[in-house]
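Q: First the structure, which I've put down as C-alpha cells, then a few questions once you've had a look.
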Protein chains: 4
Amino acid sequence: MIETNPCNKPVNGGSSVPSRVSRQTKPDDTIVNINGVQVGGSEIVIIAGPCAVENREQLFETARSVKAGGAKILRGGAFKPRSSPYNFQGLGEEGLKLLSLIRKETGLPVVTEVMDTRQVELVASYADMIQIGSRNMQNYPLLKEVGMCRKPILLKRGMMATVEEFLLAAEYILHQGNDQVILCERGIRTFETSTRNTLDLSAVPMLKRLSHLPVIVDPSHGTGVRWMVPPMAKAAVAVGADGLIIEVHYKPEEALCDGYQSLNLDEFDRLISDLIKIAQAIGREISVPKPLI
Amino acid sequence: MIETNPCNKPVNGGSSVPSRVSRQTKPDDTIVNINGVQVGGSEIVIIAGPCAVENREQLFETARSVKAGGAKILRGGAFKPRSSPYNFQGLGEEGLKLLSLIRKETGLPVVTEVMDTRQVELVASYADMIQIGSRNMQNYPLLKEVGMCRKPILLKRGMMATVEEFLLAAEYILHQGNDQVILCERGIRTFETSTRNTLDLSAVPMLKRLSHLPVIVDPSHGTGVRWMVPPMAKAAVAVGADGLIIEVHYKPEEALCDGYQSLNLDEFDRLISDLIKIAQAIGREISVPKPLI
Amino acid sequence: MIETNPCNKPVNGGSSVPSRVSRQTKPDDTIVNINGVQVGGSEIVIIAGPCAVENREQLFETARSVKAGGAKILRGGAFKPRSSPYNFQGLGEEGLKLLSLIRKETGLPVVTEVMDTRQVELVASYADMIQIGSRNMQNYPLLKEVGMCRKPILLKRGMMATVEEFLLAAEYILHQGNDQVILCERGIRTFETSTRNTLDLSAVPMLKRLSHLPVIVDPSHGTGVRWMVPPMAKAAVAVGADGLIIEVHYKPEEALCDGYQSLNLDEFDRLISDLIKIAQAIGREISVPKPLI
Amino acid sequence: MIETNPCNKPVNGGSSVPSRVSRQTKPDDTIVNINGVQVGGSEIVIIAGPCAVENREQLFETARSVKAGGAKILRGGAFKPRSSPYNFQGLGEEGLKLLSLIRKETGLPVVTEVMDTRQVELVASYADMIQIGSRNMQNYPLLKEVGMCRKPILLKRGMMATVEEFLLAAEYILHQGNDQVILCERGIRTFETSTRNTLDLSAVPMLKRLSHLPVIVDPSHGTGVRWMVPPMAKAAVAVGADGLIIEVHYKPEEALCDGYQSLNLDEFDRLISDLIKIAQAIGREISVPKPLI
C-alpha cells in the first residue's frame, strides 16, 4: 500500500458531513426568512437584479420590472470582486444607499455582497441578506464575521469547491450561531470552455440530501451566456432548487459588468412564465403579482 | 505576446463547428429513425434496460417491464468496456442473440455497444442502433467504420471531451455518409468526487444550438448513484433533451455491472410518470402504452 | 457563430498580461529582498519550517535545524485557514511572538500568512514577508491592503486559478505600489486523486516568461505526501524555480497540521544536498552554512 | 451516511494496484528491451522524431540528426489520430515503409502508433515498439491485441485517466502475456488554458512507486509549446523519468502536424547537452555518439 495524504478523500468516502449543517442532526428543512420572504418552503423564490448597481436609473428601472415579473428579492452588487484591478469595482456605500431607497419603494428585500470583514457591519446595516461570493467561500474570517451577524446569508459555492468543502464553509457560519444560510450552486470550473463555468445541477439534490439548508441556483454565472440562462433555469427548478438568482439588466448591452450573461426585462418575464409551468409539474409554485387592471 | 499552441482554443473562441454536423449547414432538426422510433421530434424517447446482458431471465424480465413502463428502445451491453481486465467483460455474441430474441417478443428496437472495428458487422447484424461508448469517442477507426454502416449511431460524449471535440467525433461519422447520429451527454470528469461524473446539462442546449443532431442524456452514468437518477432525469427533460437512456435492472442488488446506479422496475415506472408532467410543461410529450384492462 | 461570454478566454488567446507584472513593461528580473535575503537572483532560496507554529519547542527545534540545513527563510503559520471550523486554527498573535523570538536567535527572516484585512498591520509588525494563501488569492480587499504595506508578499496561486488570474491577483498588489511580490506555484485541483493537488511545474516557465516577478514552488502542498516532496523539489529546481517553500517538522507524526506532508529534519538535510547538485547542473547555486568544526 | 457509487474511489483510498503491474508482485524494475535499447536501467533514453512521417526527406533528415544528437529510438506516426476528419491522417503503410528504411540506415529502433485492432499485425511487422496513444488508453480490444503481440509497447496515459486507470490499462496488456510495457506521462486535461495540457510530473514518482514498469515523459504533447519543452524535459529527468519522447522536425514551421510544439534540430542538440548535466546530478546518464573527427 502506498501512503497518501488522508485529506485526499471524497465527501462520502467515509467522511461525515459536519454536524450543524447535516440533515442527520436536523431532519426538517430549514426555512430562511428574508424580511418576510421565505426560502426553503414549497414556493420557489426568484431573486433578480443587475450584477452591479451602476446608477439610480439602471437600478430602479430594473428593480421595478423584475418585481412586476415575479422576483421576490432584489440583487445588486455594491462591492464587486473583479479579476482585474482595472475593472469597475462597484459604487461602494453609494450603491448600498440606492439599494435601500429602491427597497423602500418596491418592498423587495435586498441581497448584496460583502468581501471585507471590516465592511460586514456597514453592509448588514443596509442589506436584508448578505452574500458571500464564490471567491470568498473559504475566506474564513469573513465566514466567522457574518456568522456573528443576525442577517440571512447567501453562500455561493466556490468555483472549485467540492460539495464537502461547501458544507464545511456553511458550517463555519452556523458554528457562530447563525443558521439562516442559503446555499447557492453557481457553476464549477472544468476543462470545458464553451460555457463560462459548468453548472453542476447534481449538487442540488446532493446538498439537499446531505443538509437541511435551502439550495438555490445561479444560472447566470453558471453559464455566462444569456441565451443559456432560460433552459438551465428550467432544469434547476426541475431538479429541485428552492430558488434562482438571475442577473437582469434593463439595458444589458450597456452594462458595466456581466452584461453578456444578463437577461433583459422581456426575457426575464418570459422565463418566469415558463418556470411557473415546471414548478407546477413538480408540485411546487412560483407566485407573481396580480396585474392591476 | 507569448507564443502558444493554436490548438488551445475554446470551441467558440473563433473556431467553427465542423460542417456536416453544424446547424448552419442544416438548420432543421435531424430526426433519427431507429426501426420506426423517431428521436429528435416532439416526443421525448426513453431508452432503458440493464447495463450488461447477464442472462435470459434478467434481460427478458427487465425488457418486458421497461416496455410496459414506457421505454421505446431497449439498451443492453454484450461487449463491455471495463476498467479492469478482471471484471465481467460481457456475454459477447451470446448477449447479442438474447437481445435479438427479446426484440422479437417485445418489438423494442435494441441499442448495444461496439468496441472493435472487427465486430461492427457482427453487432450491426443484431442491433437496431449501435452505441459508441464514452471511452471510444475518439477511436477514429471505429468512428469511420460505423460511419460506413447503415445503422443509426448513439455517440456518447467522452468523459473529458469538450463540446467541440464531441461534434468533431460526430463529424467523422457523418463524413463517411451516415447522418443518423444521436449525441449523448453522460457526464464529464471534474474534481468533484461525491458523484461518479458531473452531468453537464448545459451541453444539451449548447449542442442543440450548434448542431442539428438529436441530443439525449444518460443520468445513470452521469451521476453513478441510483437515488440521483430521477432528479437529474427531470432536469434533462426540462433543459430540452430529446431522450434519456436509463439503466434499469430487475434486481439491481444482484447486477454484475453498475447495479449501484440502476433503477429497479418500480423506480423506473414512478420516474416515467414524473417525467410525463415535465414534458407537458415544456410542450413536449412522453407516450406510454395503454394498460390492457 | 455562437455567442459566448468574452470572459471565457485563455490567457494567451489574445488577452494581454496586466501591465505592472508584465515582463514587457519591465524586462529585467525583479529581485525581492526579504531582510537581506534575495529571491530572484542566481541563488535558489529555500524557505522551510512547520505548517503551523504549535509551541516553542516545536518551532525552535525545527527552525534551528532547517537553518543548519540551508534554509534562508523560516515559514510558520500563526493564523491557519482550515477547511473545518473544528480543526486547529493556529496560535494567533502568540504564534507571531514565537516567530519573532526565533528570528532574533537564528537571524532567519520569517514568512507567515495573513487572512484578514484587520490583521495586516499586526502580522506586518512581526513578519519579514507576508503570505497570501491559496484560498485568498482572489480576496481583493486583502490584496489591496497588503499592496499598501511595505513588506514583501508571498502570493500563492489559487488551487483553481489560471496563470492569467494569478498574474491579475499580483497586479492588484503592484497596483497599490508594492512591487516586492513572489509568486508561488502550489498545485492545482484536477480530477487526479492519488495526490492532494497536481503540482503544475509548467506554470514556472510560463510565469517567468510572462512576468518579471520571482517564482517559487511549494512541493509540500503541491503533492500532499512526504515521500513525493524530494522528487518534485528536484524537478522544481530543474524547471527554473527561484526558490522552494518546504514544510519541515521536528516530529511530523505529532504535527497538529499537515504532518503527513512534512519532512523530518534528516529528510530535509538529505534533500538539500541533492538539490545543490541539480542547481549546479543548471548553472545556479544553493548555499549552505559552513559546519563549525 | 449517503449512498454513493463505490466506483468513485481514489487510487489509494483503499483500492489495490492490479497485480501484474504492481511493484508488490515484482519488486525489481522491469527493463524493456527495444531491439537492444534498454529502457528502465540507469541510462535515460531519448526517443525523438517527427510527430508524423510526412515524406522521405523530412523523416530521413530528422532521423539522422536526432541520432547524431543522442536519440536512441526514432518516433514517427504513420497512422495519426486527429480530432478532425479534415486533418492530415498520416501516410499509412507508406509511412511504415519509410520508417523501416531509415531504421536500416541509422540502426535506430522505431516506435509508431497503432489505432486499429486490424492493423496490429501490420504495424508490428515494421515497428520495434508499438505505441498506444492517449485517446486509445481505454480501447480494450486494442490493448488485448497488443498484449498478444511479441513487441514492446509504449502506453501513453489518457488525458483524462487517473494513475489507477493508467495502471489498469497496462494490466490489460500484461494480462495477455506481454510484460514489455513502458508507461508514458503526456499531460492531463485541466482547467488551465495557457498550456495544451498540464504535464503531471508527479505521476512519474507515483507510477514508479506503484509499479515496476519504466516510466517516460512526453514534454511535447504535455505542454504544446516548443519553448516550454526544454524546461519541462529537464524537470522530467530530475523527477526520475527513465526516458523522454520528444517531437523534433527538421523544419517545424512546415510541419503538417504539431509543428508548433516540435523542436528544430539545433534546439534538440542544445537540449540534450543540458539534460546530460541533470542526469549526472541525479546519478544517471544520457549517452551521445562520439563525434567522428
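We label chains A, B, ... in the order they appear in the C-alpha cells, count residues from 1 in each chain, and number ligands from 1 in the order shown.
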Quick one: which chain B residues come within 9 Å of chain A, and what is the nearest atom pair for each with the distance in Å to one decimal, counting only C-alpha atoms, rows ordered by chain and ascending number, as a tab-separated table?

A:
```
residue	atom	partner	partner_atom	distance
B:Lys9	CA	A:Thr193	CA	8.4
B:Pro10	CA	A:Thr193	CA	5.2
B:Val11	CA	A:Ser194	CA	5.6
B:Asn12	CA	A:Ser194	CA	6.2
B:Gly13	CA	A:Ser194	CA	8.4
B:Met160	CA	A:Phe191	CA	7.6
B:Ala161	CA	A:Glu192	CA	7.8
B:Thr162	CA	A:Glu192	CA	5.3
B:Val163	CA	A:Ser194	CA	7.1
B:Glu164	CA	A:Ser194	CA	8.2
B:Ile188	CA	A:Thr190	CA	8.8
B:Arg189	CA	A:Thr190	CA	8.2
B:Thr190	CA	A:Thr190	CA	6.0
B:Phe191	CA	A:Thr162	CA	7.4
B:Glu192	CA	A:Thr162	CA	5.4
B:Thr193	CA	A:Pro10	CA	5.1
B:Ser194	CA	A:Val11	CA	5.6
B:Thr195	CA	A:Ser202	CA	8.0
B:Thr198	CA	A:Asp200	CA	6.6
B:Leu199	CA	A:Ser202	CA	7.0
B:Asp200	CA	A:Thr198	CA	6.6
B:Leu201	CA	A:Met232	CA	7.7
B:Ser202	CA	A:Met232	CA	6.7
B:Ala203	CA	A:Thr195	CA	8.8
B:Pro205	CA	A:Met228	CA	7.0
B:Met206	CA	A:Met228	CA	7.8
B:Thr223	CA	A:Ser202	CA	7.5
B:Met228	CA	A:Pro205	CA	7.0
B:Pro230	CA	A:Val239	CA	8.5
B:Pro231	CA	A:Val239	CA	4.8
B:Met232	CA	A:Val239	CA	6.0
B:Ala233	CA	A:Val239	CA	8.2
B:Lys234	CA	A:Ala238	CA	5.7
B:Ala235	CA	A:Ala235	CA	4.2
B:Ala236	CA	A:Ala235	CA	6.6
B:Val237	CA	A:Ala235	CA	7.7
B:Ala238	CA	A:Ala235	CA	5.0
B:Val239	CA	A:Pro231	CA	4.8
B:Gly240	CA	A:Pro231	CA	7.1
B:Asp274	CA	A:Ile282	CA	7.6
B:Leu275	CA	A:Ala281	CA	8.9
B:Ile276	CA	A:Ala281	CA	8.9
B:Lys277	CA	A:Ala281	CA	5.2
B:Ile278	CA	A:Ala281	CA	5.5
B:Ala279	CA	A:Ala281	CA	8.8
B:Gln280	CA	A:Ala281	CA	8.2
B:Ala281	CA	A:Lys277	CA	5.3
B:Ile282	CA	A:Ile278	CA	7.4
```

Q: Those residues with C-alpha atoms, as a PDB file, in the first residue's frame please?

A:
```pdb
ATOM      1  CA  LYS B   9      -8.646  27.312 -28.316  1.00  0.00           C
ATOM      2  CA  PRO B  10     -12.164  27.125 -26.910  1.00  0.00           C
ATOM      3  CA  VAL B  11     -14.950  25.965 -29.168  1.00  0.00           C
ATOM      4  CA  ASN B  12     -16.288  29.418 -29.751  1.00  0.00           C
ATOM      5  CA  GLY B  13     -13.083  31.342 -29.461  1.00  0.00           C
ATOM      6  CA  MET B 160     -13.131  14.541 -20.822  1.00  0.00           C
ATOM      7  CA  ALA B 161     -14.219  15.765 -24.252  1.00  0.00           C
ATOM      8  CA  THR B 162     -15.160  19.354 -24.940  1.00  0.00           C
ATOM      9  CA  VAL B 163     -18.329  20.092 -26.857  1.00  0.00           C
ATOM     10  CA  GLU B 164     -16.151  20.919 -29.853  1.00  0.00           C
ATOM     11  CA  ILE B 188     -17.775  14.688 -17.575  1.00  0.00           C
ATOM     12  CA  ARG B 189     -14.879  14.208 -15.255  1.00  0.00           C
ATOM     13  CA  THR B 190     -14.260  17.019 -12.820  1.00  0.00           C
ATOM     14  CA  PHE B 191     -12.640  17.490  -9.414  1.00  0.00           C
ATOM     15  CA  GLU B 192     -15.938  16.676  -7.657  1.00  0.00           C
ATOM     16  CA  THR B 193     -15.947  13.261  -6.035  1.00  0.00           C
ATOM     17  CA  SER B 194     -19.400  12.984  -4.489  1.00  0.00           C
ATOM     18  CA  THR B 195     -20.835  11.919  -7.854  1.00  0.00           C
ATOM     19  CA  THR B 198     -20.582  15.686 -13.320  1.00  0.00           C
ATOM     20  CA  LEU B 199     -23.582  15.563 -15.624  1.00  0.00           C
ATOM     21  CA  ASP B 200     -23.147  18.624 -17.828  1.00  0.00           C
ATOM     22  CA  LEU B 201     -26.713  19.554 -18.688  1.00  0.00           C
ATOM     23  CA  SER B 202     -25.587  22.831 -20.258  1.00  0.00           C
ATOM     24  CA  ALA B 203     -24.163  20.689 -23.040  1.00  0.00           C
ATOM     25  CA  PRO B 205     -28.736  23.458 -25.225  1.00  0.00           C
ATOM     26  CA  MET B 206     -25.205  24.114 -26.465  1.00  0.00           C
ATOM     27  CA  THR B 223     -24.362  10.533 -11.595  1.00  0.00           C
ATOM     28  CA  MET B 228     -29.907  10.831  -8.091  1.00  0.00           C
ATOM     29  CA  PRO B 230     -34.781  10.767 -11.031  1.00  0.00           C
ATOM     30  CA  PRO B 231     -33.990  14.434 -10.268  1.00  0.00           C
ATOM     31  CA  MET B 232     -31.344  14.602 -12.978  1.00  0.00           C
ATOM     32  CA  ALA B 233     -33.665  12.897 -15.491  1.00  0.00           C
ATOM     33  CA  LYS B 234     -36.292  15.535 -14.754  1.00  0.00           C
ATOM     34  CA  ALA B 235     -33.745  18.299 -15.234  1.00  0.00           C
ATOM     35  CA  ALA B 236     -32.638  16.736 -18.514  1.00  0.00           C
ATOM     36  CA  VAL B 237     -36.182  16.827 -19.840  1.00  0.00           C
ATOM     37  CA  ALA B 238     -36.628  20.418 -18.668  1.00  0.00           C
ATOM     38  CA  VAL B 239     -33.392  21.539 -20.302  1.00  0.00           C
ATOM     39  CA  GLY B 240     -34.508  20.234 -23.690  1.00  0.00           C
ATOM     40  CA  ASP B 274     -42.998  12.272 -13.185  1.00  0.00           C
ATOM     41  CA  LEU B 275     -41.235  12.899 -16.482  1.00  0.00           C
ATOM     42  CA  ILE B 276     -44.532  12.984 -18.372  1.00  0.00           C
ATOM     43  CA  LYS B 277     -45.564  16.052 -16.352  1.00  0.00           C
ATOM     44  CA  ILE B 278     -42.306  17.889 -17.018  1.00  0.00           C
ATOM     45  CA  ALA B 279     -42.549  17.072 -20.726  1.00  0.00           C
ATOM     46  CA  GLN B 280     -46.030  18.552 -20.843  1.00  0.00           C
ATOM     47  CA  ALA B 281     -44.860  21.669 -19.006  1.00  0.00           C
ATOM     48  CA  ILE B 282     -42.396  22.373 -21.816  1.00  0.00           C
TER      49      ILE B 282
END
```

Q: Going by DSSP on the backbone, which bits of region 16-60 of chain A are alpha helix (DSSP H)? Write them as a PyMOL selection string, please.

A: chain A and resi 56-60

Q: Let me see the file: selected residues, C-alpha atoms, as a tab-separated table (two decimals), in the first residue's frame.

A:
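Saved file part_37.tsv follows:
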```
chain	number	residue	atom	x	y	z
A	56	ARG	CA	-30.14	55.24	-9.90
A	57	GLU	CA	-31.94	54.80	-13.21
A	58	GLN	CA	-30.40	51.44	-14.02
A	59	LEU	CA	-31.17	50.01	-10.58
A	60	PHE	CA	-34.64	51.46	-10.18
```

Q: Using CA of Leu155 (chain D) and CA of Glu171 (chain D) as the two end points, give the distance in Å to one decimal.

A: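 CA of Glu171 (chain D) lies at a distance of 11.0 Å from CA of Leu155 (chain D).
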
Q: Which residues, written as a PyMOL selection string, have at least one atom at most 8 Å from Leu108 (chain B), with only C-alpha atoms counted and residues fewer than 2 positions away on the same chain left out?

A: chain B and resi 67+72-74+102-104+106+110

Q: Just write the chosen residues, C-alpha atoms, as a PDB file, in the first residue's frame.

A:
```pdb
ATOM      1  CA  LYS B  67     -41.626  -1.619 -22.216  1.00  0.00           C
ATOM      2  CA  LYS B  72     -39.333   2.774 -26.614  1.00  0.00           C
ATOM      3  CA  ILE B  73     -35.859   1.306 -27.119  1.00  0.00           C
ATOM      4  CA  LEU B  74     -34.030  -1.399 -25.155  1.00  0.00           C
ATOM      5  CA  ILE B 102     -36.378 -10.223 -26.758  1.00  0.00           C
ATOM      6  CA  ARG B 103     -36.717  -7.704 -29.571  1.00  0.00           C
ATOM      7  CA  LYS B 104     -38.765 -10.250 -31.457  1.00  0.00           C
ATOM      8  CA  THR B 106     -41.420  -7.073 -27.375  1.00  0.00           C
ATOM      9  CA  VAL B 110     -32.220  -2.619 -29.481  1.00  0.00           C
TER      10      VAL B 110
END
```

Q: With only C-alpha atoms as the counted atoms, please give the residues lying no more than 7 Å from region 133-136 of chain B, apart from itself and same-chain residues fewer than 4 positions off, as an mmCIF file with N, CA and C atoms, in the first residue's frame.

A:
```
data_model
loop_
_atom_site.group_PDB
_atom_site.id
_atom_site.type_symbol
_atom_site.label_atom_id
_atom_site.label_comp_id
_atom_site.auth_asym_id
_atom_site.auth_seq_id
_atom_site.Cartn_x
_atom_site.Cartn_y
_atom_site.Cartn_z
ATOM 1 N N GLU B 113 -23.486 -1.694 -27.562
ATOM 2 C CA GLU B 113 -22.200 -1.055 -27.848
ATOM 3 C C GLU B 113 -21.281 -1.928 -28.686
ATOM 4 N N LEU B 155 -23.825 8.127 -30.119
ATOM 5 C CA LEU B 155 -22.446 8.512 -29.814
ATOM 6 C C LEU B 155 -22.406 9.173 -28.446
ATOM 7 N N LYS B 156 -21.700 8.536 -27.507
ATOM 8 C CA LYS B 156 -21.613 9.109 -26.157
ATOM 9 C C LYS B 156 -20.414 10.047 -26.070
ATOM 10 N N ARG B 157 -20.617 11.129 -25.338
ATOM 11 C CA ARG B 157 -19.538 12.093 -25.143
ATOM 12 C C ARG B 157 -18.431 11.477 -24.300
ATOM 13 N N GLY B 158 -17.195 11.695 -24.700
ATOM 14 C CA GLY B 158 -16.064 11.280 -23.878
ATOM 15 C C GLY B 158 -16.099 12.001 -22.554
ATOM 16 N N MET B 159 -15.627 11.346 -21.513
ATOM 17 C CA MET B 159 -15.797 11.952 -20.193
ATOM 18 C C MET B 159 -14.887 13.158 -20.001
ATOM 19 N N GLN D 138 -7.955 3.478 -23.175
ATOM 20 C CA GLN D 138 -9.003 2.571 -22.686
ATOM 21 C C GLN D 138 -9.718 1.873 -23.835
ATOM 22 N N ASN D 139 -9.005 1.681 -24.937
ATOM 23 C CA ASN D 139 -9.503 0.882 -26.058
ATOM 24 C C ASN D 139 -9.116 -0.565 -25.763
#
```

Q: So that I can check the secondary structure, give me every residue of region 39-101 of chain D assigned strand (DSSP E or B) by backbone DSSP, as JSON, numbers by chain.

A: {"D": [39, 43, 45, 46, 47, 48, 49, 52, 73, 74, 75, 77]}

Q: What does the distance from CA of Asp242 (chain A) to CA of Ile46 (chain A) come to in Å, to one decimal?

A: 9.0 Å

Q: Write out as a count of residues only each polymer residue whose atoms come within 10 Å of Asn264 (chain B), counting only C-alpha atoms; drop sequence neighbours fewer than 3 positions from it.

A: 17

Q: Which residues come within 8 Å of Ile246 (chain C), counting only C-alpha atoms, excluding same-chain residues fewer than 3 positions away, as a list in words?

A: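 Those residues are Ile46, Ile47, Ala48, Gly49, Asp218, Pro219, Ser220, Ser262 and Leu263 of chain C.
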
Q: May I have the residues from that selection written out with N, CA and C atoms, as a compact mmCIF listing (two decimals), in the first residue's frame?

A:
```
# COMPACT_ATOMS: atom_id res chain seq x y z
N ILE C 46 15.82 28.61 -0.21
CA ILE C 46 14.97 27.61 0.46
C ILE C 46 14.26 28.25 1.65
N ILE C 47 12.94 28.15 1.64
CA ILE C 47 12.13 28.57 2.77
C ILE C 47 11.63 27.29 3.42
N ALA C 48 11.79 27.16 4.72
CA ALA C 48 11.36 25.91 5.37
C ALA C 48 10.85 26.20 6.76
N GLY C 49 10.12 25.23 7.28
CA GLY C 49 9.57 25.36 8.63
C GLY C 49 8.27 24.59 8.73
N ASP C 218 5.98 25.20 -4.04
CA ASP C 218 5.67 24.55 -2.76
C ASP C 218 5.36 23.07 -3.03
N PRO C 219 6.37 22.20 -2.93
CA PRO C 219 6.11 20.78 -3.24
C PRO C 219 5.37 20.06 -2.12
N SER C 220 5.26 20.68 -0.95
CA SER C 220 4.59 20.02 0.17
C SER C 220 3.07 20.04 -0.05
N SER C 262 4.88 16.71 5.76
CA SER C 262 6.08 17.40 6.26
C SER C 262 7.28 16.46 6.27
N LEU C 263 8.44 17.01 5.88
CA LEU C 263 9.68 16.26 6.00
C LEU C 263 10.14 16.31 7.46
```

Q: Which residues, written as a list in words, have at least one atom at most 10 Å from region 91-99 of chain C, with only C-alpha atoms counted and residues fewer than 6 positions away on the same chain left out?

A: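 Returned residues: Ala52, Val53, Glu54, Asn55, Arg56, Glu57, Leu59, Phe60, Ala63, Leu74, Arg75, Gly76, Gly77, Ala78, Phe79, Lys80, Leu108, Pro109, Val110, Val111, Thr112, Gln119, Leu122, Val123, Ala124, Ser125, Tyr126 and Ala127 of chain C.
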
Q: Can you spit out the residues from that selection as a PDB file, in the first residue's frame, using C-alpha atoms?

A:
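Below you can see selection.pdb, which holds the result:
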```
ATOM      1  CA  ALA C  52       1.713  25.808  11.842  1.00  0.00           C
ATOM      2  CA  VAL C  53       3.518  27.213  14.862  1.00  0.00           C
ATOM      3  CA  GLU C  54       2.405  24.838  17.618  1.00  0.00           C
ATOM      4  CA  ASN C  55       4.627  25.645  20.563  1.00  0.00           C
ATOM      5  CA  ARG C  56       8.046  26.975  21.459  1.00  0.00           C
ATOM      6  CA  GLU C  57       9.918  23.684  21.348  1.00  0.00           C
ATOM      7  CA  LEU C  59       9.187  25.886  16.353  1.00  0.00           C
ATOM      8  CA  PHE C  60      12.619  26.457  17.809  1.00  0.00           C
ATOM      9  CA  ALA C  63      13.975  26.433  12.937  1.00  0.00           C
ATOM     10  CA  LEU C  74      11.626  30.444   8.139  1.00  0.00           C
ATOM     11  CA  ARG C  75       7.969  29.639   7.460  1.00  0.00           C
ATOM     12  CA  GLY C  76       5.314  29.037  10.123  1.00  0.00           C
ATOM     13  CA  GLY C  77       1.586  29.707  10.274  1.00  0.00           C
ATOM     14  CA  ALA C  78       0.023  31.605  13.168  1.00  0.00           C
ATOM     15  CA  PHE C  79      -3.374  32.155  11.537  1.00  0.00           C
ATOM     16  CA  LYS C  80      -4.398  28.981   9.724  1.00  0.00           C
ATOM     17  CA  LEU C 108      16.257  33.857   9.723  1.00  0.00           C
ATOM     18  CA  PRO C 109      13.654  36.206   8.244  1.00  0.00           C
ATOM     19  CA  VAL C 110      10.139  34.982   8.839  1.00  0.00           C
ATOM     20  CA  VAL C 111       7.188  34.498   6.470  1.00  0.00           C
ATOM     21  CA  THR C 112       3.691  33.932   7.824  1.00  0.00           C
ATOM     22  CA  GLN C 119      -4.755  41.806  10.866  1.00  0.00           C
ATOM     23  CA  LEU C 122      -0.400  43.161  13.239  1.00  0.00           C
ATOM     24  CA  VAL C 123       1.154  40.496  11.044  1.00  0.00           C
ATOM     25  CA  ALA C 124       3.347  43.048   9.282  1.00  0.00           C
ATOM     26  CA  SER C 125       4.683  44.194  12.640  1.00  0.00           C
ATOM     27  CA  TYR C 126       6.120  40.714  13.258  1.00  0.00           C
ATOM     28  CA  ALA C 127       6.783  39.210   9.820  1.00  0.00           C
TER      29      ALA C 127
END
```

Q: How far is it from CA of Gly177 (chain C) to CA of Gly90 (chain A), in Å with one decimal?

A: 21.4 Å
